[in-house]
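Undergrad: Sending over a structure as structure tokens; questions will come in a sec.
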Amino acid sequence: MLNKLLSIAKKFDIEVVFLNEVCSSGGFLPEADLIFVNANKSEHEIVRILAHEIGHAIKHKKQTALYVASNSAHSKMEYEAECDTIDFLITNYLSDDSLELDQLNSIRIMNQYNIDYSYENIVKQSIYYFFANKKANQYRKY
């Protein structure tokens, strides 16, 4: 998943750097088209952080002033980035052909990727859309 995220960042001309000595888990610097990630995090955390920051980079690059000026705008942008992160994680998790039926459990997925339980409906919605799109694509073959 990390390589896929790095490929997405490259596609949008976003530089990604991994830092050992940084106080936060990561961030996006829009003026430099740069995402930094704390290299001391686990691989799952790094993937999650990078997916979240790519969401900001793609959707919110030109809204930096609004992001810092308004608590409601800040919260909305964080929520959008988190939903994009969840969608990315779920899509990649479910794309694994070796996935067993007992692994298709929203709580299990949330625990694996450290997704806050307040996002359970978003996780379930992402699972639903994944399979709905897969089924729709299956019928497009004919």
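Simple scheme: letters A, B, ... for chains in structure tokens order, numbers from 1 for residues in each chain, numbers from 1 for ligands in the order shown.
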Could you give me, as a list in words, the residues within 10 Å of Cys83 of chain A, counting only C-alpha atoms and dropping anything in the same chain fewer than 3 positions from it?
TA: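 Result of the neighbour search: His52, Gly55, Met77, Glu78, Tyr79, Glu80, Ile86, Asp87, Phe88, Leu89, Tyr119, Ile122, Val123 and Ser126 of chain A.
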Undergrad: Can I get the selection written as an mmCIF file, in the first residue's frame, with N, CA and C atoms?
TA:
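Wrote it out as result_25.cif, contents follow:
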data_model
loop_
_atom_site.group_PDB
_atom_site.id
_atom_site.type_symbol
_atom_site.label_atom_id
_atom_site.label_comp_id
_atom_site.auth_asym_id
_atom_site.auth_seq_id
_atom_site.Cartn_x
_atom_site.Cartn_y
_atom_site.Cartn_z
ATOM 1 N N HIS A 52 -3.924 10.090 4.577
ATOM 2 C CA HIS A 52 -4.631 11.269 5.105
ATOM 3 C C HIS A 52 -4.035 12.553 4.525
ATOM 4 N N GLY A 55 -4.852 13.100 0.946
ATOM 5 C CA GLY A 55 -6.216 13.633 0.840
ATOM 6 C C GLY A 55 -6.229 15.145 0.969
ATOM 7 N N MET A 77 -12.487 19.803 6.781
ATOM 8 C CA MET A 77 -11.382 19.313 5.948
ATOM 9 C C MET A 77 -10.717 18.093 6.566
ATOM 10 N N GLU A 78 -10.596 18.063 7.882
ATOM 11 C CA GLU A 78 -10.038 16.888 8.555
ATOM 12 C C GLU A 78 -10.955 15.679 8.356
ATOM 13 N N TYR A 79 -12.254 15.909 8.458
ATOM 14 C CA TYR A 79 -13.227 14.834 8.255
ATOM 15 C C TYR A 79 -13.135 14.302 6.819
ATOM 16 N N GLU A 80 -13.053 15.196 5.841
ATOM 17 C CA GLU A 80 -12.941 14.766 4.440
ATOM 18 C C GLU A 80 -11.671 13.956 4.207
ATOM 19 N N ILE A 86 -9.979 6.387 4.864
ATOM 20 C CA ILE A 86 -10.737 5.161 5.122
ATOM 21 C C ILE A 86 -11.092 4.473 3.813
ATOM 22 N N ASP A 87 -11.547 5.235 2.851
ATOM 23 C CA ASP A 87 -11.905 4.658 1.555
ATOM 24 C C ASP A 87 -10.697 3.991 0.897
ATOM 25 N N PHE A 88 -9.545 4.647 0.945
ATOM 26 C CA PHE A 88 -8.321 4.064 0.386
ATOM 27 C C PHE A 88 -7.967 2.761 1.100
ATOM 28 N N LEU A 89 -7.976 2.793 2.430
ATOM 29 C CA LEU A 89 -7.618 1.601 3.204
ATOM 30 C C LEU A 89 -8.570 0.443 2.942
ATOM 31 N N TYR A 119 -16.127 6.403 13.104
ATOM 32 C CA TYR A 119 -16.181 6.302 11.643
ATOM 33 C C TYR A 119 -16.741 4.963 11.163
ATOM 34 N N ILE A 122 -18.835 5.099 8.062
ATOM 35 C CA ILE A 122 -18.034 5.391 6.865
ATOM 36 C C ILE A 122 -17.348 4.112 6.392
ATOM 37 N N VAL A 123 -16.830 3.318 7.320
ATOM 38 C CA VAL A 123 -16.188 2.047 6.974
ATOM 39 C C VAL A 123 -17.202 1.122 6.305
ATOM 40 N N SER A 126 -17.973 2.344 2.831
ATOM 41 C CA SER A 126 -16.877 2.049 1.903
ATOM 42 C C SER A 126 -16.898 0.592 1.481
#
Undergrad: Pick out the residues sitting within 12 Å of Val16 of chain A, and hand them over as a VMD selection string; count only C-alpha atoms, and ignore anything fewer than 3 positions along from it in its own chain.
TA: chain A and resid 2 to 3 5 to 13 19 26 to 29 32 to 39 46 49 to 51 53 to 54 57
Undergrad: Restricting the output to N, CA, C and O atoms, write the selected residues as a tab-separated table (two decimals), in the first residue's frame.
TA:
chain	number	residue	atom	x	y	z
A	2	LEU	N	1.99	1.18	0.68
A	2	LEU	CA	2.86	2.35	0.75
A	2	LEU	C	3.33	2.75	-0.64
A	2	LEU	O	3.31	3.94	-1.00
A	3	ASN	N	3.73	1.78	-1.44
A	3	ASN	CA	4.18	2.08	-2.80
A	3	ASN	C	3.06	2.70	-3.64
A	3	ASN	O	3.31	3.59	-4.45
A	5	LEU	N	0.61	4.54	-2.51
A	5	LEU	CA	0.45	5.93	-2.05
A	5	LEU	C	1.57	6.83	-2.57
A	5	LEU	O	1.32	7.96	-2.99
A	6	LEU	N	2.79	6.31	-2.57
A	6	LEU	CA	3.91	7.10	-3.10
A	6	LEU	C	3.72	7.37	-4.59
A	6	LEU	O	4.05	8.46	-5.08
A	7	SER	N	3.15	6.41	-5.29
A	7	SER	CA	2.85	6.59	-6.71
A	7	SER	C	1.77	7.66	-6.91
A	7	SER	O	1.88	8.49	-7.83
A	8	ILE	N	0.76	7.66	-6.06
A	8	ILE	CA	-0.29	8.69	-6.14
A	8	ILE	C	0.32	10.07	-5.87
A	8	ILE	O	0.03	11.03	-6.59
A	9	ALA	N	1.15	10.17	-4.85
A	9	ALA	CA	1.80	11.44	-4.53
A	9	ALA	C	2.62	11.93	-5.72
A	9	ALA	O	2.55	13.11	-6.09
A	10	LYS	N	3.37	11.03	-6.33
A	10	LYS	CA	4.20	11.40	-7.49
A	10	LYS	C	3.33	11.89	-8.64
A	10	LYS	O	3.67	12.86	-9.32
A	11	LYS	N	2.20	11.22	-8.86
A	11	LYS	CA	1.28	11.60	-9.93
A	11	LYS	C	0.79	13.05	-9.76
A	11	LYS	O	0.56	13.75	-10.74
A	12	PHE	N	0.64	13.49	-8.52
A	12	PHE	CA	0.18	14.84	-8.23
A	12	PHE	C	1.33	15.80	-7.92
A	12	PHE	O	1.11	16.89	-7.40
A	13	ASP	N	2.57	15.38	-8.25
A	13	ASP	CA	3.77	16.20	-8.02
A	13	ASP	C	3.93	16.63	-6.57
A	13	ASP	O	4.26	17.78	-6.26
A	19	LEU	N	10.84	11.57	8.07
A	19	LEU	CA	11.74	12.20	9.03
A	19	LEU	C	11.78	11.41	10.34
A	19	LEU	O	10.75	10.96	10.82
A	26	GLY	N	2.77	13.64	11.07
A	26	GLY	CA	2.96	14.02	9.68
A	26	GLY	C	2.21	15.28	9.37
A	26	GLY	O	1.49	15.83	10.22
A	27	GLY	N	2.38	15.76	8.15
A	27	GLY	CA	1.68	16.96	7.74
A	27	GLY	C	1.90	17.26	6.27
A	27	GLY	O	2.75	16.65	5.61
A	28	PHE	N	1.12	18.21	5.78
A	28	PHE	CA	1.22	18.65	4.39
A	28	PHE	C	1.58	20.12	4.39
A	28	PHE	O	0.95	20.93	5.07
A	29	LEU	N	2.63	20.47	3.63
A	29	LEU	CA	3.05	21.85	3.47
A	29	LEU	C	2.71	22.28	2.06
A	29	LEU	O	3.46	22.01	1.11
A	32	ALA	N	5.06	24.14	-0.45
A	32	ALA	CA	6.19	23.39	-0.97
A	32	ALA	C	5.76	22.10	-1.67
A	32	ALA	O	6.62	21.35	-2.14
A	33	ASP	N	4.46	21.83	-1.74
A	33	ASP	CA	3.96	20.55	-2.28
A	33	ASP	C	4.70	19.38	-1.63
A	33	ASP	O	5.20	18.48	-2.29
A	34	LEU	N	4.74	19.42	-0.30
A	34	LEU	CA	5.52	18.47	0.46
A	34	LEU	C	4.70	17.85	1.58
A	34	LEU	O	4.01	18.56	2.31
A	35	ILE	N	4.80	16.53	1.68
A	35	ILE	CA	4.22	15.81	2.81
A	35	ILE	C	5.38	15.24	3.61
A	35	ILE	O	6.30	14.64	3.04
A	36	PHE	N	5.33	15.45	4.93
A	36	PHE	CA	6.34	14.82	5.78
A	36	PHE	C	5.63	13.80	6.68
A	36	PHE	O	4.49	13.99	7.08
A	37	VAL	N	6.33	12.70	6.92
A	37	VAL	CA	5.79	11.61	7.73
A	37	VAL	C	6.84	11.21	8.75
A	37	VAL	O	8.03	11.10	8.42
A	38	ASN	N	6.40	10.98	9.97
A	38	ASN	CA	7.28	10.52	11.03
A	38	ASN	C	7.70	9.08	10.72
A	38	ASN	O	6.88	8.17	10.73
A	39	ALA	N	8.98	8.90	10.45
A	39	ALA	CA	9.50	7.58	10.06
A	39	ALA	C	9.54	6.59	11.22
A	39	ALA	O	9.75	5.39	10.99
A	46	ILE	N	2.15	4.66	9.12
A	46	ILE	CA	2.71	5.46	8.03
A	46	ILE	C	1.77	5.48	6.84
A	46	ILE	O	1.52	6.54	6.24
A	49	ILE	N	-1.21	7.73	7.79
A	49	ILE	CA	-0.81	9.14	7.82
A	49	ILE	C	-0.64	9.66	6.40
A	49	ILE	O	-1.14	10.73	6.05
A	50	LEU	N	0.06	8.91	5.58
A	50	LEU	CA	0.31	9.34	4.20
A	50	LEU	C	-0.98	9.45	3.40
A	50	LEU	O	-1.19	10.42	2.67
A	51	ALA	N	-1.88	8.49	3.55
A	51	ALA	CA	-3.18	8.55	2.86
A	51	ALA	C	-3.94	9.80	3.29
A	51	ALA	O	-4.53	10.49	2.45
A	53	GLU	N	-2.73	12.66	4.53
A	53	GLU	CA	-2.08	13.88	4.04
A	53	GLU	C	-2.22	14.03	2.53
A	53	GLU	O	-2.35	15.16	2.03
A	54	ILE	N	-2.25	12.93	1.80
A	54	ILE	CA	-2.49	13.01	0.35
A	54	ILE	C	-3.91	13.52	0.10
A	54	ILE	O	-4.13	14.32	-0.82
A	57	ALA	N	-3.65	17.15	0.42
A	57	ALA	CA	-2.89	17.71	-0.70
A	57	ALA	C	-3.73	17.80	-1.97
A	57	ALA	O	-3.64	18.78	-2.71
Undergrad: Report as JSON, numbers by chain: the residues of segment 3-142 of chain A with a DSSP assignment of helix (DSSP H, G or I), based on the backbone of this structure.
TA: {"A": [3, 4, 5, 6, 7, 8, 9, 10, 11, 30, 31, 32, 43, 44, 45, 46, 47, 48, 49, 50, 51, 52, 53, 54, 55, 56, 57, 58, 59, 61, 62, 63, 64, 65, 66, 67, 68, 69, 71, 72, 73, 74, 75, 76, 77, 78, 79, 80, 81, 82, 83, 84, 85, 86, 87, 88, 89, 90, 91, 92, 93, 94, 101, 102, 103, 106, 107, 108, 109, 110, 111, 112, 117, 118, 119, 120, 121, 122, 123, 124, 125, 126, 127, 128, 129, 130, 131, 132, 133, 134, 135, 136, 137, 138, 139, 140]}
Undergrad: I'd like the interatomic distance between atom CA of Phe18 of chain A and atom CA of Thr64 of chain A, to a tenth of an Å.
TA: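 Computing it gives 22.3 Å between the two atoms.
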Undergrad: With distances taken over only C-alpha atoms, which of A:Arg48, A:Asn92, A:Ile58, A:Ile127 is nearest to Leu104 of chain A?
TA: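 Between A:Arg48, A:Asn92, A:Ile58, A:Ile127, the residue approaching Leu104 of chain A most closely is A:Ile127.
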Undergrad: Residues of chain A classed as strand (DSSP E or B) by DSSP on the backbone are to be reported as a ChimeraX atom specification.
TA: /A:15-19,26-29,34-38
Undergrad: Excluding Lys124 of chain A and its own-chain neighbours fewer than 4 positions away, which residues fall within 10 Å of it when counting only C-alpha atoms? Please give them as a VMD selection string.
TA: chain A and resid 87 90 105 to 107 119 to 120 128 to 130
Undergrad: Give me, please, the distance in Å between atom CA of Asn111 of chain A and atom CA of Ser25 of chain A, quoted to one decimal.
TA: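 Between these atoms lies a distance of 18.6 Å.
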Undergrad: Just how far from atom CA of Val17 of chain A is atom CA of Leu94 of chain A, in Å to one decimal?
TA: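 Calculated distance between atom CA of Leu94 of chain A and atom CA of Val17 of chain A is 27.9 Å.
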